[in-house]
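Visitor: Supplied structure: work_37.cif, mmCIF, C-alpha atoms, pLDDT in the B column; chains and numbers go by the auth columns.
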data_model
#
loop_
_atom_site.group_PDB
_atom_site.id
_atom_site.type_symbol
_atom_site.label_atom_id
_atom_site.label_comp_id
_atom_site.label_asym_id
_atom_site.label_seq_id
_atom_site.Cartn_x
_atom_site.Cartn_y
_atom_site.Cartn_z
_atom_site.B_iso_or_equiv
_atom_site.auth_seq_id
_atom_site.auth_asym_id
ATOM 1 C CA MET A 1 23.247 168.368 29.426 69.00 2 S
ATOM 2 C CA SER A 2 26.458 166.352 29.687 84.00 3 S
ATOM 3 C CA PRO A 3 26.250 162.739 28.524 89.00 4 S
ATOM 4 C CA ILE A 4 26.220 159.948 31.106 92.00 5 S
ATOM 5 C CA ARG A 5 29.645 158.312 31.081 95.00 6 S
ATOM 6 C CA ILE A 6 29.269 154.523 30.991 95.00 7 S
ATOM 7 C CA LEU A 7 31.732 151.662 31.426 97.00 8 S
ATOM 8 C CA ILE A 8 30.575 148.316 29.986 96.00 9 S
ATOM 9 C CA ALA A 9 31.890 144.958 31.245 96.00 10 S
ATOM 10 C CA GLU A 10 30.646 141.890 29.350 93.00 11 S
ATOM 11 C CA ASP A 11 32.676 138.865 28.297 92.00 12 S
ATOM 12 C CA GLN A 12 30.611 138.109 25.177 90.00 13 S
ATOM 13 C CA THR A 13 31.760 140.354 22.349 90.00 14 S
ATOM 14 C CA ILE A 14 28.399 140.376 20.562 89.00 15 S
ATOM 15 C CA LEU A 15 26.537 141.484 23.697 87.00 16 S
ATOM 16 C CA ARG A 16 29.217 144.008 24.607 89.00 17 S
ATOM 17 C CA ASP A 17 28.973 145.604 21.164 89.00 18 S
ATOM 18 C CA SER A 18 25.162 145.464 21.279 86.00 19 S
ATOM 19 C CA TYR A 19 25.028 147.325 24.583 87.00 20 S
ATOM 20 C CA ALA A 20 27.450 149.953 23.309 87.00 21 S
ATOM 21 C CA HIS A 21 25.417 150.455 20.120 86.00 22 S
ATOM 22 C CA LEU A 22 22.107 150.581 21.984 84.00 23 S
ATOM 23 C CA LEU A 23 23.392 153.124 24.487 86.00 24 S
ATOM 24 C CA ALA A 24 25.074 155.278 21.869 83.00 25 S
ATOM 25 C CA GLU A 25 21.801 155.460 19.909 83.00 26 S
ATOM 26 C CA SER A 26 20.000 156.869 22.958 81.00 27 S
ATOM 27 C CA GLY A 27 21.891 160.144 22.643 82.00 28 S
ATOM 28 C CA ARG A 28 22.177 160.301 26.447 85.00 29 S
ATOM 29 C CA VAL A 29 25.246 158.156 26.936 89.00 30 S
ATOM 30 C CA GLU A 30 28.968 158.194 26.233 90.00 31 S
ATOM 31 C CA VAL A 31 30.591 154.749 26.451 92.00 32 S
ATOM 32 C CA VAL A 32 34.038 155.483 27.902 94.00 33 S
ATOM 33 C CA ALA A 33 35.291 151.885 27.739 94.00 34 S
ATOM 34 C CA SER A 34 34.213 148.294 27.085 94.00 35 S
ATOM 35 C CA VAL A 35 36.022 145.430 28.812 95.00 36 S
ATOM 36 C CA ALA A 36 35.688 141.636 28.848 94.00 37 S
ATOM 37 C CA ASP A 37 36.230 140.614 32.481 94.00 38 S
ATOM 38 C CA GLY A 38 35.518 141.734 36.025 95.00 39 S
ATOM 39 C CA GLN A 39 39.086 142.585 36.994 96.00 40 S
ATOM 40 C CA ALA A 40 39.453 144.792 33.912 96.00 41 S
ATOM 41 C CA ALA A 41 36.178 146.486 34.916 96.00 42 S
ATOM 42 C CA VAL A 42 37.539 147.347 38.371 97.00 43 S
ATOM 43 C CA GLU A 43 40.788 148.710 36.927 96.00 44 S
ATOM 44 C CA ALA A 44 39.001 150.727 34.211 97.00 45 S
ATOM 45 C CA ALA A 45 36.543 152.172 36.740 96.00 46 S
ATOM 46 C CA ARG A 46 39.371 153.328 38.985 96.00 47 S
ATOM 47 C CA ARG A 47 41.143 154.911 36.032 96.00 48 S
ATOM 48 C CA LEU A 48 38.190 156.487 34.196 96.00 49 S
ATOM 49 C CA GLN A 49 35.736 157.137 37.060 96.00 50 S
ATOM 50 C CA PRO A 50 32.550 156.702 34.988 96.00 51 S
ATOM 51 C CA ASP A 51 29.111 157.788 36.148 96.00 52 S
ATOM 52 C CA VAL A 52 27.641 154.289 35.774 96.00 53 S
ATOM 53 C CA VAL A 53 29.109 150.813 35.318 97.00 54 S
ATOM 54 C CA LEU A 54 27.193 148.150 33.371 95.00 55 S
ATOM 55 C CA LEU A 55 28.282 144.676 34.517 95.00 56 S
ATOM 56 C CA ASP A 56 27.510 141.139 33.406 93.00 57 S
ATOM 57 C CA ILE A 57 27.061 138.901 36.463 92.00 58 S
ATOM 58 C CA GLN A 58 29.193 136.044 35.078 91.00 59 S
ATOM 59 C CA MET A 59 32.621 137.094 33.814 93.00 60 S
ATOM 60 C CA PRO A 60 36.157 135.688 33.882 91.00 61 S
ATOM 61 C CA LYS A 61 38.593 136.618 36.672 92.00 62 S
ATOM 62 C CA LEU A 62 35.957 138.405 38.771 93.00 63 S
ATOM 63 C CA ASN A 63 32.180 138.032 38.689 94.00 64 S
ATOM 64 C CA GLY A 64 29.920 141.045 38.384 94.00 65 S
ATOM 65 C CA ILE A 65 28.824 141.077 42.036 93.00 66 S
ATOM 66 C CA GLU A 66 32.392 141.086 43.344 95.00 67 S
ATOM 67 C CA ALA A 67 33.496 143.602 40.703 96.00 68 S
ATOM 68 C CA ALA A 68 30.626 145.867 41.752 95.00 69 S
ATOM 69 C CA ARG A 69 31.637 145.540 45.407 94.00 70 S
ATOM 70 C CA GLN A 70 35.235 146.532 44.668 96.00 71 S
ATOM 71 C CA ILE A 71 34.219 149.406 42.402 96.00 72 S
ATOM 72 C CA ARG A 72 31.816 150.840 44.966 93.00 73 S
ATOM 73 C CA ALA A 73 34.422 150.491 47.732 92.00 74 S
ATOM 74 C CA ASP A 74 36.695 152.819 45.739 93.00 75 S
ATOM 75 C CA LEU A 75 33.999 154.932 44.054 94.00 76 S
ATOM 76 C CA PRO A 76 30.883 154.946 46.267 90.00 77 S
ATOM 77 C CA GLY A 77 29.086 157.441 44.038 90.00 78 S
ATOM 78 C CA VAL A 78 29.217 155.289 40.906 95.00 79 S
ATOM 79 C CA GLY A 79 25.921 153.766 39.781 94.00 80 S
ATOM 80 C CA VAL A 80 25.959 150.036 39.053 95.00 81 S
ATOM 81 C CA VAL A 81 23.651 148.110 36.711 94.00 82 S
ATOM 82 C CA LEU A 82 24.054 144.336 36.970 93.00 83 S
ATOM 83 C CA LEU A 83 22.780 142.244 34.044 92.00 84 S
ATOM 84 C CA SER A 84 21.999 138.599 34.745 88.00 85 S
ATOM 85 C CA HIS A 85 20.410 135.438 33.383 85.00 86 S
ATOM 86 C CA TYR A 86 19.543 134.441 36.948 76.00 87 S
ATOM 87 C CA SER A 87 16.098 135.227 38.329 71.00 88 S
ATOM 88 C CA GLU A 88 16.799 133.474 41.651 71.00 89 S
ATOM 89 C CA ARG A 89 16.551 136.071 44.373 73.00 90 S
ATOM 90 C CA GLN A 90 19.736 134.982 46.190 78.00 91 S
ATOM 91 C CA TYR A 91 21.872 136.644 43.518 83.00 92 S
ATOM 92 C CA ALA A 92 20.022 139.934 43.923 82.00 93 S
ATOM 93 C CA GLU A 93 20.196 139.627 47.718 78.00 94 S
ATOM 94 C CA LYS A 94 23.961 139.170 47.582 82.00 95 S
ATOM 95 C CA PHE A 95 24.325 142.143 45.243 86.00 96 S
ATOM 96 C CA LEU A 96 22.172 144.373 47.483 81.00 97 S
ATOM 97 C CA ARG A 97 23.480 143.175 50.844 77.00 98 S
ATOM 98 C CA ASP A 98 25.609 146.276 51.474 76.00 99 S
ATOM 99 C CA GLY A 99 22.912 148.721 50.340 76.00 100 S
ATOM 100 C CA THR A 100 20.570 149.364 47.438 78.00 101 S
ATOM 101 C CA ALA A 101 21.356 152.995 46.616 80.00 102 S
ATOM 102 C CA GLY A 102 22.580 153.483 43.053 87.00 103 S
ATOM 103 C CA LYS A 103 22.095 149.815 42.106 88.00 104 S
ATOM 104 C CA ALA A 104 19.961 147.984 39.553 88.00 105 S
ATOM 105 C CA TYR A 105 19.626 144.239 38.975 88.00 106 S
ATOM 106 C CA LEU A 106 18.086 143.423 35.588 88.00 107 S
ATOM 107 C CA LEU A 107 17.489 140.193 33.718 87.00 108 S
ATOM 108 C CA LYS A 108 18.986 140.042 30.253 83.00 109 S
ATOM 109 C CA THR A 109 15.723 138.583 28.966 76.00 110 S
ATOM 110 C CA THR A 110 13.931 141.831 29.804 67.00 111 S
ATOM 111 C CA LEU A 111 16.263 144.028 27.775 67.00 112 S
ATOM 112 C CA SER A 112 14.451 143.725 24.473 66.00 113 S
ATOM 113 C CA GLU A 113 13.166 147.225 25.236 70.00 114 S
ATOM 114 C CA PRO A 114 16.125 149.651 25.176 74.00 115 S
ATOM 115 C CA SER A 115 14.138 152.071 27.312 78.00 116 S
ATOM 116 C CA SER A 116 14.401 149.611 30.251 80.00 117 S
ATOM 117 C CA LEU A 117 18.177 149.806 30.252 85.00 118 S
ATOM 118 C CA ILE A 118 18.257 153.582 29.796 86.00 119 S
ATOM 119 C CA ARG A 119 15.768 153.988 32.639 85.00 120 S
ATOM 120 C CA ALA A 120 17.881 151.802 34.934 86.00 121 S
ATOM 121 C CA ILE A 121 20.949 153.888 34.147 90.00 122 S
ATOM 122 C CA GLU A 122 19.076 157.094 34.958 87.00 123 S
ATOM 123 C CA VAL A 123 17.738 155.642 38.202 85.00 124 S
ATOM 124 C CA VAL A 124 21.113 154.504 39.557 89.00 125 S
ATOM 125 C CA LEU A 125 22.734 157.754 38.447 89.00 126 S
ATOM 126 C CA GLU A 126 20.285 159.550 40.751 84.00 127 S
ATOM 127 C CA GLY A 127 21.084 157.173 43.604 83.00 128 S
ATOM 128 C CA GLY A 128 17.905 155.137 43.229 79.00 129 S
ATOM 129 C CA ALA A 129 17.416 151.385 42.940 79.00 130 S
ATOM 130 C CA MET A 130 15.767 149.128 40.390 81.00 131 S
ATOM 131 C CA LEU A 131 15.068 145.414 40.492 79.00 132 S
ATOM 132 C CA ALA A 132 13.786 143.090 37.777 80.00 133 S
ATOM 133 C CA PRO A 133 10.013 142.676 38.357 74.00 134 S
ATOM 134 C CA GLU A 134 10.294 138.886 38.622 75.00 135 S
ATOM 135 C CA ILE A 135 12.778 139.131 41.479 73.00 136 S
ATOM 136 C CA GLN A 136 11.059 142.044 43.170 69.00 137 S
ATOM 137 C CA ASN A 137 7.741 140.189 43.248 66.00 138 S
ATOM 138 C CA GLU A 138 9.362 137.062 44.668 65.00 139 S
ATOM 139 C CA MET A 139 11.140 138.991 47.423 63.00 140 S
ATOM 140 C CA LEU A 140 8.062 140.974 48.358 59.00 141 S
ATOM 141 C CA ARG A 141 6.071 137.746 48.490 61.00 142 S
ATOM 142 C CA LEU A 142 8.292 136.650 51.353 54.00 143 S
ATOM 143 C CA ALA A 143 7.277 139.639 53.405 52.00 144 S
ATOM 144 C CA SER A 144 4.139 139.914 55.491 49.00 145 S
ATOM 145 C CA SER A 145 0.724 140.149 53.828 51.00 146 S
ATOM 146 C CA ASP A 146 0.548 143.902 54.314 57.00 147 S
ATOM 147 C CA PRO A 147 4.149 145.161 54.528 57.00 148 S
ATOM 148 C CA TYR A 148 3.421 148.729 53.441 62.00 149 S
ATOM 149 C CA ALA A 149 0.924 149.294 56.239 67.00 150 S
ATOM 150 C CA ARG A 150 3.624 148.082 58.619 72.00 151 S
ATOM 151 C CA LEU A 151 6.076 150.629 57.228 77.00 152 S
ATOM 152 C CA ARG A 152 3.711 153.318 58.458 79.00 153 S
ATOM 153 C CA GLU A 153 4.061 151.912 61.975 82.00 154 S
ATOM 154 C CA LEU A 154 7.722 152.872 62.100 86.00 155 S
ATOM 155 C CA THR A 155 8.664 155.856 64.228 89.00 156 S
ATOM 156 C CA LYS A 156 10.313 158.881 62.631 90.00 157 S
ATOM 157 C CA ARG A 157 13.708 157.745 63.938 92.00 158 S
ATOM 158 C CA GLU A 158 13.201 154.181 62.717 89.00 159 S
ATOM 159 C CA THR A 159 12.293 155.515 59.276 87.00 160 S
ATOM 160 C CA GLU A 160 15.471 157.620 59.286 89.00 161 S
ATOM 161 C CA VAL A 161 17.514 154.546 60.163 89.00 162 S
ATOM 162 C CA LEU A 162 15.827 152.473 57.442 85.00 163 S
ATOM 163 C CA GLN A 163 16.453 155.181 54.857 83.00 164 S
ATOM 164 C CA LEU A 164 20.148 155.239 55.779 85.00 165 S
ATOM 165 C CA MET A 165 20.225 151.435 55.544 81.00 166 S
ATOM 166 C CA ALA A 166 18.825 151.788 52.018 76.00 167 S
ATOM 167 C CA GLU A 167 21.639 154.195 51.197 73.00 168 S
ATOM 168 C CA GLY A 168 24.192 151.571 52.212 70.00 169 S
ATOM 169 C CA TYR A 169 25.167 152.858 55.662 77.00 170 S
ATOM 170 C CA THR A 170 26.352 150.295 58.216 79.00 171 S
ATOM 171 C CA ASN A 171 25.099 150.428 61.801 86.00 172 S
ATOM 172 C CA ILE A 172 28.207 152.242 63.003 87.00 173 S
ATOM 173 C CA SER A 173 27.963 154.723 60.116 85.00 174 S
ATOM 174 C CA ILE A 174 24.307 155.346 60.959 88.00 175 S
ATOM 175 C CA ALA A 175 25.288 155.941 64.577 92.00 176 S
ATOM 176 C CA ASN A 176 27.848 158.537 63.524 91.00 177 S
ATOM 177 C CA LYS A 177 25.427 160.159 61.067 89.00 178 S
ATOM 178 C CA LEU A 178 22.644 160.509 63.639 92.00 179 S
ATOM 179 C CA SER A 179 24.937 161.172 66.626 92.00 180 S
ATOM 180 C CA ILE A 180 23.582 158.209 68.579 91.00 181 S
ATOM 181 C CA SER A 181 25.223 155.067 69.945 91.00 182 S
ATOM 182 C CA GLU A 182 25.686 151.940 67.859 89.00 183 S
ATOM 183 C CA ARG A 183 23.659 150.030 70.456 91.00 184 S
ATOM 184 C CA THR A 184 20.767 152.443 69.919 92.00 185 S
ATOM 185 C CA VAL A 185 20.988 151.874 66.165 91.00 186 S
ATOM 186 C CA GLU A 186 20.930 148.115 66.723 89.00 187 S
ATOM 187 C CA SER A 187 17.783 148.545 68.823 91.00 188 S
ATOM 188 C CA HIS A 188 16.122 150.590 66.066 90.00 189 S
ATOM 189 C CA VAL A 189 17.116 148.006 63.442 87.00 190 S
ATOM 190 C CA ASN A 190 15.677 145.160 65.513 86.00 191 S
ATOM 191 C CA ASN A 191 12.456 147.141 65.981 86.00 192 S
ATOM 192 C CA ILE A 192 12.243 147.680 62.230 84.00 193 S
ATOM 193 C CA PHE A 193 12.599 143.953 61.537 81.00 194 S
ATOM 194 C CA SER A 194 9.990 143.166 64.174 79.00 195 S
ATOM 195 C CA LYS A 195 7.460 145.757 62.988 80.00 196 S
ATOM 196 C CA LEU A 196 7.784 144.666 59.357 77.00 197 S
ATOM 197 C CA ASN A 197 7.014 141.137 60.507 71.00 198 S
ATOM 198 C CA LEU A 198 9.195 139.503 57.895 63.00 199 S
ATOM 199 C CA THR A 199 8.536 135.806 57.416 51.00 200 S
ATOM 200 C CA SER A 200 11.009 133.216 58.692 48.00 201 S
ATOM 201 C CA GLU A 201 12.310 132.730 55.142 49.00 202 S
ATOM 202 C CA ALA A 202 12.748 136.464 54.639 47.00 203 S
ATOM 203 C CA ARG A 203 14.633 136.709 57.933 51.00 204 S
ATOM 204 C CA ARG A 204 17.603 134.979 56.341 54.00 205 S
ATOM 205 C CA ASN A 205 18.353 138.402 54.854 60.00 206 S
ATOM 206 C CA PRO A 206 16.243 140.788 56.956 68.00 207 S
ATOM 207 C CA ARG A 207 18.337 143.852 56.188 68.00 208 S
ATOM 208 C CA VAL A 208 17.951 143.362 52.433 70.00 209 S
ATOM 209 C CA MET A 209 14.239 142.633 52.754 70.00 210 S
ATOM 210 C CA ALA A 210 13.554 145.664 54.946 74.00 211 S
ATOM 211 C CA VAL A 211 15.445 147.929 52.574 70.00 212 S
ATOM 212 C CA LEU A 212 13.629 146.540 49.520 69.00 213 S
ATOM 213 C CA LEU A 213 10.249 147.137 51.137 70.00 214 S
ATOM 214 C CA PHE A 214 11.273 150.713 51.889 70.00 215 S
ATOM 215 C CA VAL A 215 12.647 151.342 48.388 66.00 216 S
ATOM 216 C CA HIS A 216 9.570 149.823 46.729 62.00 217 S
ATOM 217 C CA ALA A 217 7.144 151.783 48.910 64.00 218 S
ATOM 218 C CA THR A 218 8.901 155.111 48.278 61.00 219 S
ATOM 219 C CA ALA A 219 9.547 154.612 44.556 56.00 220 S
#
Turn the structure described in the file into C-alpha cells.
Guide:
Amino acid sequence: MSPIRILIAEDQTILRDSYAHLLAESGRVEVVASVADGQAAVEAARRLQPDVVLLDIQMPKLNGIEAARQIRADLPGVGVVLLSHYSERQYAEKFLRDGTAGKAYLLKTTLSEPSSLIRAIEVVLEGGAMLAPEIQNEMLRLASSDPYARLRELTKRETEVLQLMAEGYTNISIANKLSISERTVESHVNNIFSKLNLTSEARRNPRVMAVLLFVHATA
C-alpha cells in the first residue's frame, strides 16, 4: 500500500516537527513538505499535489480556513484536516460552508492520542468528514429534538440532493448532476430545511446544519 502523502502547514516550529514525527512513526504517512504559513501551504499544495493537507487555523499571511478554500478550489480531491484551538462552532461552520466531503476539524487539545489524527487523515482521504466531538455536539444541539427521525422523512430525491450538498455541490451543480432545473433544486433544498425543522439559531447556517446531520447519521 502506498503511503499517504501529507503536507503540513503550522507556524510553530515545535508543533510542526511534532506532527511530522508523529505521522512518520505511524508507518502510513509520507510527509512531502512542512511550511510555516498559509500562503506557502497553497503554493506547496499546487506544486506537490499531496493526498491530504494538515493546516493550523491561525497562520501568517493566510489563515487555515482561507488556505483550505484556495487549495480545494485548485485540487478538489485533496483531503483537508484543520487543527484549531477554537471550539466555537462558527469556525467549523465557516470551514464547512462549501461542503463537508474530505474535511476534518479537530481541536489541538484532543490530539494527545496519535490515533485520532491518523483516523482523521484516513477519513478525509476517503472523502468523509470528521468534526471534534465538542463542536459536533454543540451543532447537533441546535437542531430539532429528533433530527434523525426527520431525516427519514426526506424523499429519495431530497436525500440525493442532501448527499450532493454534503459532497460540496452547489445548487447549480446539483441541477446539472441530476438533470433538473436549479429552481427545482432550490425547492428540494427548502423542503429539506423545513423537514429537518432546524431551530431559528441553526437557520443562520441551514446548509451546514443539514449537511452535518446527514453526515453524522450516515457515519
Visitor: For the PyMOL selection byres ((chain S and resi 87-94) around 9), applied here, can you spell out every residue it catches as a ChimeraX atom specification?
Guide: /S:58,66,84-86,95-98,106-109,132-133,135-137,139-140,206,209-210
Visitor: Figure out the distance between atom CA of Glu44 of chain S and atom CA of Asp12 of chain S, please, to one decimal in Å.
Guide: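 Rounded to one decimal, the two atoms are 15.4 Å apart.
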Visitor: What does the distance between atom CA of Arg6 of chain S and atom CA of Val33 of chain S come to in Å, to one decimal place?
Guide: 6.1 Å
Visitor: When you look at Lys178 of chain S with a cut-off of 10 Å (counting all atoms listed in the file), what residues show up, excluding the ones that are within fewer than 4 positions of it in the same chain? I need them as an MDAnalysis selection string.
Guide: chainID S and resid 162 165 170 172:174
Visitor: Just to confirm, what's the straight-line distance from atom CA of Asp38 of chain S to atom CA of Pro51 of chain S in Å (one decimal)?
Guide: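 Atom CA of Asp38 of chain S sits 16.7 Å away from atom CA of Pro51 of chain S.
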Visitor: With a distance cut-off of 12 Å and all atoms listed in the file, select the neighbouring residues of Arg120 of chain S, excluding the residue or stretch itself and same-chain residues fewer than 5 positions from it, and output the selection as a PDB file with C-alpha atoms, keeping the file's coordinate frame.
Guide:
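Now in part27.pdb:
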ATOM      1  CA  LEU S  24      23.392 153.124  24.487  1.00 86.00           C
ATOM      2  CA  SER S  27      20.000 156.869  22.958  1.00 81.00           C
ATOM      3  CA  ARG S  29      22.177 160.301  26.447  1.00 85.00           C
ATOM      4  CA  VAL S  30      25.246 158.156  26.936  1.00 89.00           C
ATOM      5  CA  VAL S  82      23.651 148.110  36.711  1.00 94.00           C
ATOM      6  CA  ALA S 105      19.961 147.984  39.553  1.00 88.00           C
ATOM      7  CA  LEU S 107      18.086 143.423  35.588  1.00 88.00           C
ATOM      8  CA  LEU S 112      16.263 144.028  27.775  1.00 67.00           C
ATOM      9  CA  GLU S 114      13.166 147.225  25.236  1.00 70.00           C
ATOM     10  CA  PRO S 115      16.125 149.651  25.176  1.00 74.00           C
ATOM     11  CA  VAL S 125      21.113 154.504  39.557  1.00 89.00           C
ATOM     12  CA  LEU S 126      22.734 157.754  38.447  1.00 89.00           C
ATOM     13  CA  GLU S 127      20.285 159.550  40.751  1.00 84.00           C
ATOM     14  CA  GLY S 129      17.905 155.137  43.229  1.00 79.00           C
ATOM     15  CA  ALA S 130      17.416 151.385  42.940  1.00 79.00           C
ATOM     16  CA  MET S 131      15.767 149.128  40.390  1.00 81.00           C
ATOM     17  CA  LEU S 132      15.068 145.414  40.492  1.00 79.00           C
TER      18      LEU S 132
END
Visitor: Nearest to Thr185 of chain S among S:Glu31, S:Ile7, S:Val54, S:Arg158, with distances taken over only C-alpha atoms: which residue is it?
Guide: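 Among the listed residues, S:Arg158 lies closest to Thr185 of chain S.
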Visitor: Counting all atoms listed in the file, figure out which residue out of S:Thr160, S:Asn198, S:Ser116, S:Thr101 gets nearest to Gly128 of chain S.
Guide: S:Thr101
Visitor: Here is a test: counting all atoms listed in the file, which residue of S:Leu63, S:Val53, S:Ala10, S:Val43 is nearest to Asp75 of chain S?
Guide: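 Among the listed residues, the smallest separation from Asp75 of chain S belongs to S:Val43.
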Visitor: Counting all atoms listed in the file, which residues sit no farther than 12 Å from the position (17.2, 151.7, 65.1) in the file's frame? I'd like them as a ChimeraX atom specification.
Guide: /S:155-166,171-173,175-176,179,181-196,208
Visitor: Once 6 Å is added on each side, what are the centre and the three edge lengths, in Å to one decimal, of the axis-aligned box enclosing the listed atoms of segment 178-194 of chain S? Present them as AutoDock Vina command-line options.
Guide:
--center_x 19.0 --center_y 152.6 --center_z 65.8 --size_x 25.4 --size_y 29.2 --size_z 21.4
Visitor: As a tab-separated table (two decimals) with C-alpha atoms, keeping the file's coordinate frame, please: the residues near Ala34 of chain S (cut-off 8 Å, only C-alpha atoms, same-chain neighbours under 6 positions excluded).
Guide:
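As a result, part-v1.tsv now contains:
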chain	number	residue	atom	x	y	z
S	7	ILE	CA	29.27	154.52	30.99
S	8	LEU	CA	31.73	151.66	31.43
S	9	ILE	CA	30.58	148.32	29.99
S	45	ALA	CA	39.00	150.73	34.21
Visitor: Please, can segment 92-109 of chain S be completed to N, CA and C atoms and returned as an mmCIF file, in the coordinates of the input?
Guide:
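Wrote it out as part.cif, contents follow:
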data_model
loop_
_atom_site.group_PDB
_atom_site.id
_atom_site.type_symbol
_atom_site.label_atom_id
_atom_site.label_comp_id
_atom_site.auth_asym_id
_atom_site.auth_seq_id
_atom_site.Cartn_x
_atom_site.Cartn_y
_atom_site.Cartn_z
ATOM 1 N N TYR S 92 20.852 135.834 44.200
ATOM 2 C CA TYR S 92 21.872 136.644 43.518
ATOM 3 C C TYR S 92 21.620 138.126 43.759
ATOM 4 N N ALA S 93 20.364 138.531 43.665
ATOM 5 C CA ALA S 93 20.022 139.934 43.923
ATOM 6 C C ALA S 93 20.287 140.286 45.384
ATOM 7 N N GLU S 94 19.959 139.373 46.297
ATOM 8 C CA GLU S 94 20.196 139.627 47.718
ATOM 9 C C GLU S 94 21.679 139.844 47.996
ATOM 10 N N LYS S 95 22.518 139.021 47.385
ATOM 11 C CA LYS S 95 23.961 139.170 47.582
ATOM 12 C C LYS S 95 24.455 140.506 47.028
ATOM 13 N N PHE S 96 23.946 140.879 45.873
ATOM 14 C CA PHE S 96 24.325 142.143 45.243
ATOM 15 C C PHE S 96 23.906 143.335 46.084
ATOM 16 N N LEU S 97 22.736 143.241 46.736
ATOM 17 C CA LEU S 97 22.172 144.373 47.483
ATOM 18 C C LEU S 97 22.517 144.360 48.965
ATOM 19 N N ARG S 98 23.265 143.373 49.406
ATOM 20 C CA ARG S 98 23.480 143.175 50.844
ATOM 21 C C ARG S 98 24.091 144.390 51.536
ATOM 22 N N ASP S 99 24.965 145.119 50.851
ATOM 23 C CA ASP S 99 25.609 146.276 51.474
ATOM 24 C C ASP S 99 24.946 147.589 51.061
ATOM 25 N N GLY S 100 23.665 147.512 50.683
ATOM 26 C CA GLY S 100 22.912 148.721 50.340
ATOM 27 C C GLY S 100 22.341 148.674 48.942
ATOM 28 N N THR S 101 21.248 149.372 48.738
ATOM 29 C CA THR S 101 20.570 149.364 47.438
ATOM 30 C C THR S 101 20.790 150.649 46.642
ATOM 31 N N ALA S 102 21.251 151.696 47.282
ATOM 32 C CA ALA S 102 21.356 152.995 46.616
ATOM 33 C C ALA S 102 22.274 152.932 45.406
ATOM 34 N N GLY S 103 21.778 153.431 44.266
ATOM 35 C CA GLY S 103 22.580 153.483 43.053
ATOM 36 C C GLY S 103 22.834 152.126 42.428
ATOM 37 N N LYS S 104 21.910 151.157 42.652
ATOM 38 C CA LYS S 104 22.095 149.815 42.106
ATOM 39 C C LYS S 104 20.847 149.351 41.368
ATOM 40 N N ALA S 105 21.067 148.615 40.285
ATOM 41 C CA ALA S 105 19.961 147.984 39.553
ATOM 42 C C ALA S 105 20.364 146.562 39.209
ATOM 43 N N TYR S 106 19.418 145.642 39.341
ATOM 44 C CA TYR S 106 19.626 144.239 38.975
ATOM 45 C C TYR S 106 18.571 143.892 37.937
ATOM 46 N N LEU S 107 19.008 143.687 36.687
ATOM 47 C CA LEU S 107 18.086 143.423 35.588
ATOM 48 C C LEU S 107 18.364 142.070 34.963
ATOM 49 N N LEU S 108 17.319 141.431 34.461
ATOM 50 C CA LEU S 108 17.489 140.193 33.718
ATOM 51 C C LEU S 108 17.752 140.516 32.253
ATOM 52 N N LYS S 109 18.662 139.805 31.660
ATOM 53 C CA LYS S 109 18.986 140.042 30.253
ATOM 54 C C LYS S 109 17.783 139.796 29.354
#
